[in-house]
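Structure data follow from coords_37.cif (mmCIF, C-alpha atoms and all ligand atoms):
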```cif
data_structure
loop_
_atom_site.label_atom_id
_atom_site.label_comp_id
_atom_site.auth_asym_id
_atom_site.auth_seq_id
_atom_site.Cartn_x
_atom_site.Cartn_y
_atom_site.Cartn_z
CA MET V 22 6.20 26.60 2.23
CA ASN V 23 5.33 24.70 -0.93
CA VAL V 24 2.50 22.21 -0.63
CA ASP V 25 1.76 21.24 -4.21
CA MET V 26 -0.81 18.46 -4.03
CA ASN V 27 -2.11 19.50 -7.43
CA GLY V 28 1.11 18.87 -9.31
CA ILE V 29 1.61 16.56 -12.23
CA GLY V 30 0.13 13.60 -10.40
CA ARG V 31 -3.29 15.17 -9.70
CA ILE V 32 -4.92 13.93 -12.81
CA ALA V 33 -7.06 15.78 -15.29
CA SER V 34 -10.37 14.56 -16.65
CA GLU V 35 -8.83 12.62 -19.58
CA VAL V 36 -6.67 10.61 -17.23
CA ARG V 37 -9.71 10.05 -14.99
CA LYS V 38 -11.50 8.52 -17.98
CA THR V 39 -8.56 6.14 -18.56
CA THR V 40 -8.58 5.27 -14.86
CA LEU V 41 -12.29 4.43 -15.04
CA LEU V 42 -11.76 2.27 -18.14
CA ARG V 43 -8.94 0.44 -16.39
CA PHE V 44 -11.15 -0.08 -13.32
CA LYS V 45 -13.94 -1.52 -15.51
CA LYS V 46 -11.54 -3.84 -17.35
CA ASP V 47 -9.94 -5.11 -14.11
CA VAL V 48 -13.35 -5.69 -12.50
CA LEU V 49 -14.73 -7.59 -15.49
CA ASP V 50 -11.53 -9.61 -16.02
CA GLY V 51 -11.48 -10.51 -12.32
CA LEU V 52 -15.14 -11.47 -12.05
CA LEU V 53 -15.20 -13.45 -15.30
CA ALA V 54 -12.16 -15.48 -14.16
CA TYR V 55 -12.18 -18.54 -11.95
CA PRO V 56 -11.69 -18.22 -9.04
CA LYS V 57 -13.19 -14.71 -8.99
CA GLN V 58 -10.95 -11.93 -7.76
CA LEU V 59 -10.78 -8.13 -7.49
CA PRO V 60 -7.57 -6.08 -7.09
CA SER V 61 -7.28 -4.67 -3.57
CA LYS V 62 -6.07 -1.29 -4.89
CA TYR V 63 -9.72 -0.54 -5.70
CA PHE V 64 -10.70 -0.52 -2.01
CA TYR V 65 -9.48 3.05 -1.74
CA ASP V 66 -12.15 5.37 -3.08
CA LYS V 67 -13.21 8.20 -0.76
CA LYS V 68 -15.37 5.96 1.46
CA GLY V 69 -12.84 3.10 1.43
CA SER V 70 -9.96 5.43 2.40
CA ALA V 71 -12.01 6.78 5.32
CA LEU V 72 -12.87 3.22 6.42
CA PHE V 73 -9.21 2.22 6.22
CA ARG V 74 -8.33 5.08 8.56
CA GLU V 75 -10.90 3.62 11.00
CA ILE V 76 -9.27 0.19 10.62
CA MET V 77 -5.88 1.65 11.53
CA ALA V 78 -7.35 2.81 14.86
CA LEU V 79 -8.90 -0.58 15.72
CA PRO V 80 -7.41 -2.46 18.70
CA GLU V 81 -7.19 -5.65 16.59
CA TYR V 82 -5.22 -3.99 13.76
CA TYR V 83 -1.80 -4.37 15.42
CA LEU V 84 0.10 -3.46 12.21
CA THR V 85 -0.37 0.28 12.71
CA ASP V 86 0.63 0.17 16.40
CA CYS V 87 3.74 -1.87 15.62
CA GLU V 88 4.97 0.40 12.85
CA LEU V 89 4.05 3.48 14.90
CA ASP V 90 6.18 2.06 17.71
CA ILE V 91 9.16 1.98 15.28
CA PHE V 92 8.53 5.45 13.84
CA ARG V 93 7.80 7.07 17.23
CA ASN V 94 10.66 5.54 19.15
CA ARG V 95 13.33 5.13 16.49
CA ALA V 96 12.80 8.22 14.33
CA GLY V 97 16.36 9.35 15.22
CA GLU V 98 17.88 6.13 13.85
CA LEU V 99 15.63 6.18 10.79
CA SER V 100 16.56 9.77 10.02
CA SER V 101 20.29 9.00 10.32
CA PHE V 102 19.89 6.19 7.79
CA VAL V 103 18.00 8.31 5.27
CA MET V 104 20.07 11.50 5.72
CA MET V 105 23.25 9.50 5.10
CA ASP V 106 25.96 12.02 4.17
CA ASP V 107 23.62 15.02 4.54
CA THR V 108 23.19 15.43 0.77
CA PRO V 109 19.80 16.77 -0.42
CA PHE V 110 17.27 14.09 -1.30
CA ASP V 111 13.69 13.40 -2.33
CA LEU V 112 11.64 11.33 0.10
CA ILE V 113 9.13 9.49 -2.09
CA GLU V 114 6.39 7.56 -0.30
CA LEU V 115 4.43 4.85 -2.14
CA GLY V 116 0.83 4.47 -0.93
CA ALA V 117 1.36 7.21 1.65
CA GLY V 118 -2.21 7.18 2.99
CA ASP V 119 -2.69 9.79 5.71
CA GLY V 120 1.03 9.74 6.57
CA LEU V 121 0.34 8.86 10.21
CA LYS V 122 3.70 7.13 10.63
CA SER V 123 5.83 8.98 8.09
CA LYS V 124 5.05 12.28 9.84
CA TYR V 125 7.24 11.15 12.79
CA LEU V 126 10.16 10.80 10.38
CA LEU V 127 9.30 14.05 8.58
CA ARG V 128 9.28 15.96 11.91
CA GLU V 129 12.66 14.48 12.85
CA LEU V 130 14.10 15.38 9.42
CA TYR V 131 12.78 18.91 9.83
CA ARG V 132 14.30 19.13 13.34
CA LYS V 133 17.67 18.08 11.86
CA SER V 134 17.31 20.60 9.00
CA ALA V 135 17.50 17.85 6.36
CA LYS V 136 17.35 19.14 2.79
CA CYS V 137 14.48 17.06 1.46
CA ILE V 138 11.32 17.31 -0.60
CA TYR V 139 8.49 14.97 0.39
CA MET V 140 6.69 13.28 -2.55
CA PRO V 141 3.69 11.21 -1.42
CA ILE V 142 2.16 8.93 -4.07
CA ASP V 143 -1.30 7.44 -3.65
CA ILE V 144 -4.03 6.03 -5.85
CA SER V 145 -6.57 7.78 -3.62
CA GLY V 146 -6.96 11.50 -4.28
CA SER V 147 -9.11 11.91 -1.18
CA VAL V 148 -6.43 10.57 1.16
CA LEU V 149 -3.82 12.81 -0.50
CA ASP V 150 -6.12 15.76 0.30
CA VAL V 151 -6.27 14.68 3.97
CA LEU V 152 -2.47 14.31 4.03
CA GLY V 153 -1.88 17.64 2.26
CA SER V 154 -4.04 19.60 4.70
CA SER V 155 -2.52 17.96 7.77
CA LEU V 156 1.03 18.65 6.50
CA GLN V 157 0.14 22.28 5.84
CA ARG V 158 -1.02 22.56 9.46
CA GLU V 159 1.66 20.47 11.16
CA LEU V 160 4.79 21.03 9.04
CA PRO V 161 4.18 24.27 7.13
CA GLU V 162 7.85 24.63 6.09
CA LEU V 163 8.00 21.24 4.38
CA GLU V 164 8.10 21.20 0.59
CA VAL V 165 5.53 18.65 -0.65
CA GLN V 166 4.72 17.41 -4.16
CA GLY V 167 1.85 14.93 -4.25
CA PHE V 168 1.23 12.39 -7.03
CA GLU V 169 -2.17 10.76 -7.49
CA GLY V 170 -1.89 7.43 -9.29
CA GLU V 171 -0.36 3.98 -9.23
CA TYR V 172 2.93 3.16 -7.49
CA MET V 173 5.26 2.49 -10.42
CA GLU V 174 3.77 4.95 -12.91
CA MET V 175 3.98 7.79 -10.41
CA LEU V 176 7.40 6.73 -9.14
CA ALA V 177 8.73 6.82 -12.72
CA GLU V 178 7.15 10.28 -13.10
CA ALA V 179 8.67 11.51 -9.84
CA CYS V 180 12.11 10.09 -10.74
CA SER V 181 12.00 11.73 -14.18
CA ARG V 182 11.53 15.12 -12.50
CA SER V 183 14.27 14.75 -9.91
CA ASN V 184 18.05 14.66 -10.10
CA ARG V 185 18.57 14.31 -6.37
CA ARG V 186 19.27 11.23 -4.28
CA LYS V 187 16.09 9.28 -3.58
CA VAL V 188 14.72 7.55 -0.51
CA VAL V 189 11.58 5.50 -1.15
CA LEU V 190 9.22 4.71 1.75
CA PHE V 191 6.75 1.84 1.38
CA LEU V 192 5.06 1.43 4.75
CA GLY V 193 2.09 -0.36 6.28
CA ALA V 194 3.06 -3.77 4.80
CA ASN V 195 1.43 -2.65 1.53
CA ILE V 196 3.99 -4.87 -0.19
CA GLY V 197 2.14 -7.85 1.29
CA ASN V 198 -0.80 -7.08 -1.01
CA MET V 199 1.21 -8.51 -3.90
CA GLU V 200 1.45 -12.20 -4.76
CA PRO V 201 5.04 -13.42 -4.11
CA HIS V 202 6.00 -13.37 -7.83
CA GLU V 203 4.49 -9.86 -8.26
CA CYS V 204 6.39 -8.74 -5.19
CA ARG V 205 9.71 -9.94 -6.65
CA ASP V 206 8.96 -8.21 -9.98
CA PHE V 207 7.95 -5.04 -8.15
CA CYS V 208 11.25 -4.92 -6.20
CA CYS V 209 13.23 -5.50 -9.42
CA GLN V 210 11.35 -2.63 -11.10
CA LEU V 211 12.05 -0.46 -8.07
CA GLN V 212 15.75 -1.29 -8.32
CA ASN V 213 15.66 -0.43 -12.05
CA LEU V 214 14.23 3.01 -11.38
CA LEU V 215 16.74 3.88 -8.66
CA SER V 216 20.47 4.64 -8.78
CA PRO V 217 23.49 3.80 -6.61
CA GLY V 218 23.17 5.66 -3.31
CA ASP V 219 19.37 5.55 -3.33
CA MET V 220 17.53 3.79 -0.52
CA VAL V 221 14.29 2.02 0.20
CA LEU V 222 12.52 1.63 3.55
CA ILE V 223 9.85 -1.11 3.42
CA GLY V 224 7.46 -2.33 6.12
CA PHE V 225 6.81 -6.10 6.37
CA ASP V 226 4.38 -7.87 8.67
CA LEU V 227 6.01 -10.91 10.26
CA LYS V 228 4.51 -14.37 10.83
CA LYS V 229 3.16 -14.68 14.36
CA ASN V 230 0.33 -16.39 16.28
CA PRO V 231 -2.24 -17.17 13.57
CA GLN V 232 -5.14 -16.10 15.84
CA GLN V 233 -3.57 -12.67 16.31
CA ILE V 234 -3.25 -12.26 12.54
CA LEU V 235 -6.77 -13.43 11.77
CA ARG V 236 -8.30 -11.06 14.36
CA ALA V 237 -6.64 -8.09 12.61
CA TYR V 238 -8.71 -8.85 9.50
CA ASN V 239 -11.92 -9.77 11.34
CA ASP V 240 -12.48 -7.06 13.96
CA ALA V 241 -15.33 -7.37 16.42
CA SER V 242 -16.92 -4.07 15.40
CA GLY V 243 -17.20 -5.08 11.73
CA VAL V 244 -15.27 -2.19 10.14
CA THR V 245 -13.12 -4.55 8.04
CA SER V 246 -16.29 -6.22 6.77
CA LYS V 247 -17.68 -2.79 5.74
CA PHE V 248 -14.35 -1.96 4.07
CA ASN V 249 -14.47 -5.20 2.06
CA LEU V 250 -18.14 -4.78 1.06
CA ASN V 251 -17.52 -1.17 0.01
CA LEU V 252 -15.70 -2.59 -3.01
CA LEU V 253 -19.04 -3.89 -4.32
CA GLU V 254 -20.69 -0.54 -3.51
CA ARG V 255 -17.93 1.22 -5.42
CA ILE V 256 -18.52 -1.01 -8.46
CA ASN V 257 -22.24 -0.11 -8.21
CA ARG V 258 -21.47 3.63 -7.91
CA GLU V 259 -18.86 3.91 -10.64
CA LEU V 260 -19.79 1.15 -13.09
CA PHE V 261 -23.58 1.25 -12.60
CA ALA V 262 -23.68 -2.38 -11.48
CA ASN V 263 -26.40 -3.93 -9.33
CA PHE V 264 -24.62 -5.83 -6.55
CA VAL V 265 -26.74 -6.27 -3.42
CA PRO V 266 -23.93 -6.06 -0.82
CA GLU V 267 -26.16 -7.64 1.88
CA GLN V 268 -26.10 -10.82 -0.19
CA PHE V 269 -22.34 -11.16 0.36
CA GLU V 270 -20.33 -11.63 3.54
CA HIS V 271 -16.76 -10.90 4.59
CA TYR V 272 -14.56 -13.96 5.19
CA PRO V 273 -10.84 -13.75 6.10
CA MET V 274 -8.56 -16.79 6.17
CA TYR V 275 -4.94 -17.21 7.28
CA ASP V 276 -2.59 -20.02 6.27
CA PRO V 277 0.30 -20.04 8.77
CA ILE V 278 2.47 -22.23 6.51
CA SER V 279 2.51 -19.98 3.43
CA GLY V 280 1.92 -16.79 5.46
CA ALA V 281 -0.95 -15.80 3.14
CA CYS V 282 -3.85 -14.01 4.82
CA ARG V 283 -6.66 -13.55 2.31
CA SER V 284 -9.95 -11.71 2.49
CA PHE V 285 -12.92 -12.95 0.52
CA LEU V 286 -16.50 -11.96 -0.16
CA VAL V 287 -18.79 -14.99 -0.06
CA SER V 288 -22.01 -15.08 -2.05
CA LYS V 289 -24.80 -16.02 0.40
CA ARG V 290 -27.00 -17.38 -2.38
CA GLU V 291 -27.10 -18.15 -6.05
CA GLN V 292 -27.40 -14.81 -7.81
CA GLN V 293 -26.40 -12.78 -10.84
CA VAL V 294 -25.07 -9.26 -11.21
CA ASP V 295 -25.07 -7.00 -14.27
CA ILE V 296 -22.05 -4.84 -14.98
CA ASP V 297 -21.90 -2.84 -18.20
CA GLY V 298 -23.80 -5.38 -20.30
CA HIS V 299 -22.05 -8.41 -18.78
CA THR V 300 -23.85 -10.85 -16.52
CA ILE V 301 -21.76 -12.30 -13.70
CA ARG V 302 -23.20 -15.44 -12.08
CA PHE V 303 -22.44 -16.49 -8.51
CA GLY V 304 -23.11 -19.90 -7.00
CA LYS V 305 -24.24 -20.13 -3.37
CA GLY V 306 -21.03 -20.03 -1.28
CA GLU V 307 -18.85 -18.92 -4.21
CA VAL V 308 -16.08 -16.46 -3.24
CA ILE V 309 -14.38 -13.39 -4.65
CA CYS V 310 -10.81 -13.00 -3.39
CA THR V 311 -10.39 -9.29 -2.62
CA GLU V 312 -7.09 -9.02 -0.77
CA LEU V 313 -3.85 -10.79 0.04
CA SER V 314 -1.90 -9.64 3.10
CA GLN V 315 1.23 -11.74 2.95
CA LYS V 316 3.18 -12.41 6.18
CA CYS V 317 6.85 -13.37 6.09
CA ASP V 318 9.99 -13.96 8.16
CA THR V 319 13.22 -11.95 8.25
CA ALA V 320 15.15 -14.50 6.13
CA GLU V 321 12.58 -14.05 3.33
CA ILE V 322 13.01 -10.25 3.52
CA ARG V 323 16.80 -10.57 3.11
CA GLN V 324 16.34 -13.02 0.22
CA LEU V 325 13.93 -10.63 -1.50
CA ALA V 326 16.45 -7.78 -1.17
CA ALA V 327 19.31 -9.88 -2.56
CA TYR V 328 17.17 -11.23 -5.42
CA SER V 329 16.22 -7.75 -6.57
CA GLY V 330 19.70 -6.19 -6.36
CA PHE V 331 19.50 -4.49 -2.96
CA GLU V 332 21.68 -4.77 0.14
CA THR V 333 19.94 -4.85 3.53
CA ILE V 334 21.55 -2.19 5.72
CA GLY V 335 19.03 -2.11 8.58
CA MET V 336 16.14 -4.10 10.07
CA LEU V 337 14.16 -2.18 12.68
CA THR V 338 11.49 -4.07 14.62
CA ASP V 339 8.86 -3.00 17.14
CA SER V 340 9.09 -4.06 20.79
CA GLU V 341 7.06 -7.26 20.16
CA ALA V 342 9.12 -8.11 17.04
CA TRP V 343 5.87 -8.48 15.08
CA PHE V 344 6.74 -6.02 12.30
CA VAL V 345 9.94 -5.03 10.48
CA ASP V 346 10.95 -1.91 8.62
CA ALA V 347 13.80 -3.03 6.40
CA ILE V 348 16.26 -0.50 4.98
CA TRP V 349 17.76 -1.41 1.63
CA LYS V 350 20.23 0.30 -0.59
CA ILE V 351 21.34 -0.48 -4.14
CA ARG V 352 24.13 -3.06 -3.76
CA PRO V 353 27.54 -1.39 -4.07
CA GLY V 354 29.22 -1.94 -7.42
CA GLU V 355 25.86 -2.97 -8.90
CA GLN V 356 26.62 -1.81 -12.44
CA PHE V 357 23.94 -3.75 -14.24
CA LYS V 358 20.23 -3.14 -14.06
CA VAL V 359 18.27 -6.12 -12.79
CA GLU V 360 15.59 -7.23 -15.24
CA ALA V 361 12.15 -7.93 -13.76
CA ARG V 362 11.74 -11.73 -13.96
C1 LIG C 401 -2.90 -0.22 3.65
S1 LIG C 401 -2.96 1.50 3.26
C2 LIG C 401 -1.45 2.03 4.05
C3 LIG C 401 -1.27 3.51 4.13
C4 LIG C 401 0.09 3.96 4.69
N1 LIG C 401 1.19 3.48 3.88
C5 LIG C 401 0.25 3.47 6.09
O1 LIG C 401 1.12 2.64 6.32
O2 LIG C 401 -0.47 3.94 6.99
C6 LIG C 401 -2.55 1.44 1.56
C7 LIG C 401 -2.44 2.79 0.87
O3 LIG C 401 -1.87 2.60 -0.41
C8 LIG C 401 -2.71 3.15 -1.42
N2 LIG C 401 -2.61 2.22 -2.57
C9 LIG C 401 -3.06 0.95 -2.66
N3 LIG C 401 -2.73 0.40 -3.85
C10 LIG C 401 -2.06 1.35 -4.54
C11 LIG C 401 -1.46 1.40 -5.84
N4 LIG C 401 -1.47 0.35 -6.66
N5 LIG C 401 -0.84 2.55 -6.22
C12 LIG C 401 -0.83 3.64 -5.39
N6 LIG C 401 -1.38 3.65 -4.16
C13 LIG C 401 -1.98 2.53 -3.73
C14 LIG C 401 -4.09 3.22 -0.82
O4 LIG C 401 -4.88 4.24 -1.38
C15 LIG C 401 -3.79 3.46 0.66
O5 LIG C 401 -3.70 4.82 0.97
#
```
Spit out the file's structure as structure tokens when you get a sec.
Amino acid sequence: MNVDMNGIGRIASEVRKTTLLRFKKDVLDGLLAYPKQLPSKYFYDKKGSALFREIMALPEYYLTDCELDIFRNRAGELSSFVMMDDTPFDLIELGAGDGLKSKYLLRELYRKSAKCIYMPIDISGSVLDVLGSSLQRELPELEVQGFEGEYMEMLAEACSRSNRRKVVLFLGANIGNMEPHECRDFCCQLQNLLSPGDMVLIGFDLKKNPQQILRAYNDASGVTSKFNLNLLERINRELFANFVPEQFEHYPMYDPISGACRSFLVSKREQQVDIDGHTIRFGKGEVICTELSQKCDTAEIRQLAAYSGFETIGMLTDSEAWFVDAIWKIRPGEQFKVEAR
């Protein structure tokens, strides 16, 4: 057994300082812009990660059930794709969270004696701790190297330390948190970091009844609202700001034409907030955009793969056909490296 969740990715105090500075810069840039916005990656401090795990268990949050359906019932197929010719490989998961779904694949790979090392990457150290302890209990023979940090930085780090074939998992429709142009750049960067023979397995949430989608981001018990407001509490905790979260409310909106589902925080009154010597003013009804959860159709997924130099070799859907896990591999004969555009 080798569960190394304190490897190169588990950052030391100097890196923590840089992370805090980056957080402060992103918060100030976002709140001084118009319209105001905050990057959704900052939801996931310890409290936010715990709230997200509650969201995954909500009846309205169909995304988890759909992807679980694929991983539970089609783990055999998934494992055949990723094991390919039975060569050893590294299974690198971007934004692994608590690994709820990936563990079905990991168990199947273990059952088939696949030669793989599991490398979960997550910006949230607390969720990596949860994942590390559960893997130690449930799959004690699995070799694990955890990386705490951002997707691309940690992926580059993981790739620089590995000379084996790579399979990258990116589940939970996390890719939908990127604006369409960022998403295309991200896939091009991914292609740049990988080599012929490497694979990617990405979860996408498909367009469906708009009411169904909106309910997933506006649950009756109010957990999603708490999750959204925790971002303001985190800014208070870490940047010594003075948001009064009760003076903001959660507001999700879905546009079925573009497929963009956005979450906002709405200022209930005119107010001002101090963050590190800067005063941020809010009008009554003014919004902060805190998250995009982009929905798409299967043609758009194939186009994205082709644009970024991948070939689609599999599209696995759940029984409702609400969610897709697409399997991509570097296009054969792809000699050139695609530049991020
Ligand atoms: C929506 S959750 C999904 C978790 C898991 N993939 C799943 O499907 O259950 C997003 C996860 O990605 C992590 N995350 C978000 N933005 C990130 C970033 N820029 N770099 C690394 N991890 C990130 C969060 O901490 C969280 O664990």
Pairwise distance for atom C8 of ligand LIG 401 (chain C) and CA of Ile144 in chain V, rounded to one decimal in Å: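 Pair atom C8 of ligand LIG 401 (chain C) / CA of Ile144 in chain V returns 5.4 Å.
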Given only C-alpha atoms and all ligand atoms, how would the per-residue table for chain V near ligand LIG 401 (chain C) read, listing every residue at most 8 Å away with its closest atom pair and distance in Å to one decimal, sorted by chain and number, as a tab-separated table?
```
residue	atom	partner	partner_atom	distance
V:Ser61	CA	C:LIG401	N3	6.8
V:Lys62	CA	C:LIG401	N3	3.9
V:Tyr63	CA	C:LIG401	N3	7.3
V:Phe64	CA	C:LIG401	O4	7.5
V:Tyr65	CA	C:LIG401	O4	4.8
V:Asp66	CA	C:LIG401	O4	7.6
V:Ser70	CA	C:LIG401	O4	6.4
V:Phe73	CA	C:LIG401	S1	7.0
V:Met77	CA	C:LIG401	O2	7.4
V:Thr85	CA	C:LIG401	O2	6.8
V:Glu88	CA	C:LIG401	O1	7.9
V:Glu114	CA	C:LIG401	N1	7.8
V:Leu115	CA	C:LIG401	N6	6.3
V:Gly116	CA	C:LIG401	O3	3.3
V:Ala117	CA	C:LIG401	N1	4.3
V:Gly118	CA	C:LIG401	O5	3.4
V:Asp119	CA	C:LIG401	O2	6.4
V:Gly120	CA	C:LIG401	O2	6.0
V:Leu121	CA	C:LIG401	O2	5.9
V:Lys122	CA	C:LIG401	O2	6.4
V:Ile142	CA	C:LIG401	C12	6.2
V:Asp143	CA	C:LIG401	N6	3.8
V:Ile144	CA	C:LIG401	N6	3.9
V:Ser145	CA	C:LIG401	O4	4.5
V:Val148	CA	C:LIG401	O5	6.4
V:Glu169	CA	C:LIG401	C12	7.5
V:Gly170	CA	C:LIG401	C12	5.5
V:Glu171	CA	C:LIG401	N5	3.4
V:Tyr172	CA	C:LIG401	N5	4.0
V:Met173	CA	C:LIG401	N5	7.4
V:Phe191	CA	C:LIG401	N1	6.3
V:Leu192	CA	C:LIG401	O1	4.4
V:Gly193	CA	C:LIG401	O1	3.2
V:Ala194	CA	C:LIG401	O1	6.9
V:Asn195	CA	C:LIG401	C1	5.4
```
Shell around range 47-59 of chain V at 6 Å using all atoms listed in the file, local window under 6 positions removed, as a list in words: Ile309, Cys310 and Thr311 of chain V
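Ranking V:Asp240, V:Glu129, V:Glu98, V:Glu159 by their shortest atom-to-atom distance to Glu75 in chain V, with only C-alpha atoms included, puts V:Asp240 first.
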Best match for closeness to Gly146 in chain V among V:Ala327, V:Cys317, V:Leu99, V:Ala71, counting all atoms listed in the file: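 Ranking V:Ala327, V:Cys317, V:Leu99, V:Ala71 by distance to Gly146 in chain V, first place goes to V:Ala71.
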Might I get the box with edges along x, y and z of the file that holds all atoms of range 93-108 of chain V listed there, padded by 5 Å on every side, given as centre and edge lengths in Å to one decimal, as JSON?
```
{"center_x": 16.9, "center_y": 10.3, "center_z": 10.0, "size_x": 28.2, "size_y": 20.3, "size_z": 28.4}
```
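Rounded to one decimal, CA of Ser340 in chain V and CA of Val221 in chain V lie 22.1 Å from each other.
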Pick from V:Asp297, V:Asp318, V:Glu200, V:Asp226 nearest to Lys45 in chain V, counting all atoms listed in the file: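 The closest residue to Lys45 in chain V is V:Asp297.
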I want to know what sits within 12 Å of Asp111 in chain V, based on only C-alpha atoms, with residues of the same chain fewer than 5 positions away left out; could you give that as a JSON list (two decimals) with C-alpha atoms, in the coordinates of the input?
```
[["chain", "number", "residue", "atom", "x", "y", "z"],
["V", 103, "VAL", "CA", 18.00, 8.31, 5.27],
["V", 104, "MET", "CA", 20.07, 11.50, 5.72],
["V", 127, "LEU", "CA", 9.30, 14.05, 8.58],
["V", 130, "LEU", "CA", 14.10, 15.38, 9.42],
["V", 135, "ALA", "CA", 17.50, 17.85, 6.36],
["V", 136, "LYS", "CA", 17.35, 19.14, 2.79],
["V", 137, "CYS", "CA", 14.48, 17.06, 1.46],
["V", 138, "ILE", "CA", 11.32, 17.31, -0.60],
["V", 139, "TYR", "CA", 8.49, 14.97, 0.39],
["V", 140, "MET", "CA", 6.69, 13.28, -2.55],
["V", 141, "PRO", "CA", 3.69, 11.21, -1.42],
["V", 163, "LEU", "CA", 8.00, 21.24, 4.38],
["V", 164, "GLU", "CA", 8.10, 21.20, 0.59],
["V", 165, "VAL", "CA", 5.53, 18.65, -0.65],
["V", 166, "GLN", "CA", 4.72, 17.41, -4.16],
["V", 176, "LEU", "CA", 7.40, 6.73, -9.14],
["V", 179, "ALA", "CA", 8.67, 11.51, -9.84],
["V", 180, "CYS", "CA", 12.11, 10.09, -10.74],
["V", 182, "ARG", "CA", 11.53, 15.12, -12.50],
["V", 183, "SER", "CA", 14.27, 14.75, -9.91],
["V", 184, "ASN", "CA", 18.05, 14.66, -10.10],
["V", 185, "ARG", "CA", 18.57, 14.31, -6.37],
["V", 186, "ARG", "CA", 19.27, 11.23, -4.28],
["V", 187, "LYS", "CA", 16.09, 9.28, -3.58],
["V", 188, "VAL", "CA", 14.72, 7.55, -0.51],
["V", 189, "VAL", "CA", 11.58, 5.50, -1.15],
["V", 190, "LEU", "CA", 9.22, 4.71, 1.75],
["V", 215, "LEU", "CA", 16.74, 3.88, -8.66],
["V", 219, "ASP", "CA", 19.37, 5.55, -3.33],
["V", 220, "MET", "CA", 17.53, 3.79, -0.52],
["V", 221, "VAL", "CA", 14.29, 2.02, 0.20]]
```
Exercise: residues within 12 Å of coordinate (5.2, -5.6, -6.3), counting all atoms listed in the file, as a PyMOL selection string: chain V and resi 115+171-173+191+194-212+223+315+325+329+361-362
Distance criterion (all atoms listed in the file): nearest to Asp339 in chain V out of V:Arg93, V:Lys247, V:Arg352, V:Lys124: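 Of V:Arg93, V:Lys247, V:Arg352, V:Lys124, the one nearest Asp339 in chain V is V:Arg93, counting all atoms listed in the file.
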Pick from V:Leu214, V:Ile348, V:Val287, V:Ile234 nearest to Leu84 in chain V, counting only C-alpha atoms: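 Looking only at the distances to Leu84 in chain V, the closest residue turns out to be V:Ile234.
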Coordinates-based distance that separates CA of Leu72 in chain V from CA of Phe44 in chain V (Å, one decimal):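 Taking CA of Phe44 in chain V as the start and CA of Leu72 in chain V as the end point, the length is 20.1 Å.
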Close residues, Ala320 in chain V itself excluded, 12 Å, all atoms listed in the file, min 6 positions apart in chain, as a list in words: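 Within the cut-off, the hits are Phe225, Leu227, Lys228, Ala326, Ala327, Thr333, Met336, Val345 and Ala347 of chain V.
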Would you mind putting N, CA, C and O atoms back on range 315-323 of chain V and writing the result as a PDB file, in the coordinates of the input?
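The resulting file, part_3.pdb, is shown below:
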```pdb
ATOM      1  N   GLN V 315       0.224 -10.698   2.768  1.00  0.00           N
ATOM      2  CA  GLN V 315       1.230 -11.740   2.950  1.00  0.00           C
ATOM      3  C   GLN V 315       2.094 -11.468   4.188  1.00  0.00           C
ATOM      4  O   GLN V 315       2.556 -10.352   4.399  1.00  0.00           O
ATOM      5  N   LYS V 316       2.296 -12.499   5.012  1.00  0.00           N
ATOM      6  CA  LYS V 316       3.180 -12.410   6.180  1.00  0.00           C
ATOM      7  C   LYS V 316       4.478 -13.145   5.844  1.00  0.00           C
ATOM      8  O   LYS V 316       4.466 -14.070   5.017  1.00  0.00           O
ATOM      9  N   CYS V 317       5.586 -12.741   6.468  1.00  0.00           N
ATOM     10  CA  CYS V 317       6.850 -13.370   6.090  1.00  0.00           C
ATOM     11  C   CYS V 317       7.779 -13.464   7.296  1.00  0.00           C
ATOM     12  O   CYS V 317       7.416 -13.066   8.397  1.00  0.00           O
ATOM     13  N   ASP V 318       8.996 -14.006   7.091  1.00  0.00           N
ATOM     14  CA  ASP V 318       9.990 -13.960   8.160  1.00  0.00           C
ATOM     15  C   ASP V 318      11.204 -13.166   7.677  1.00  0.00           C
ATOM     16  O   ASP V 318      11.294 -12.819   6.492  1.00  0.00           O
ATOM     17  N   THR V 319      12.145 -12.884   8.604  1.00  0.00           N
ATOM     18  CA  THR V 319      13.220 -11.950   8.250  1.00  0.00           C
ATOM     19  C   THR V 319      14.154 -12.544   7.165  1.00  0.00           C
ATOM     20  O   THR V 319      14.696 -11.801   6.351  1.00  0.00           O
ATOM     21  N   ALA V 320      14.289 -13.891   7.155  1.00  0.00           N
ATOM     22  CA  ALA V 320      15.150 -14.500   6.130  1.00  0.00           C
ATOM     23  C   ALA V 320      14.554 -14.222   4.741  1.00  0.00           C
ATOM     24  O   ALA V 320      15.284 -13.923   3.783  1.00  0.00           O
ATOM     25  N   GLU V 321      13.228 -14.297   4.637  1.00  0.00           N
ATOM     26  CA  GLU V 321      12.580 -14.050   3.330  1.00  0.00           C
ATOM     27  C   GLU V 321      12.785 -12.597   2.895  1.00  0.00           C
ATOM     28  O   GLU V 321      12.931 -12.308   1.706  1.00  0.00           O
ATOM     29  N   ILE V 322      12.810 -11.673   3.869  1.00  0.00           N
ATOM     30  CA  ILE V 322      13.010 -10.250   3.520  1.00  0.00           C
ATOM     31  C   ILE V 322      14.425 -10.057   2.948  1.00  0.00           C
ATOM     32  O   ILE V 322      14.625  -9.389   1.938  1.00  0.00           O
ATOM     33  N   ARG V 323      15.413 -10.689   3.601  1.00  0.00           N
ATOM     34  CA  ARG V 323      16.800 -10.570   3.110  1.00  0.00           C
ATOM     35  C   ARG V 323      16.944 -11.196   1.729  1.00  0.00           C
ATOM     36  O   ARG V 323      17.629 -10.669   0.860  1.00  0.00           O
TER      37      ARG V 323
END
```
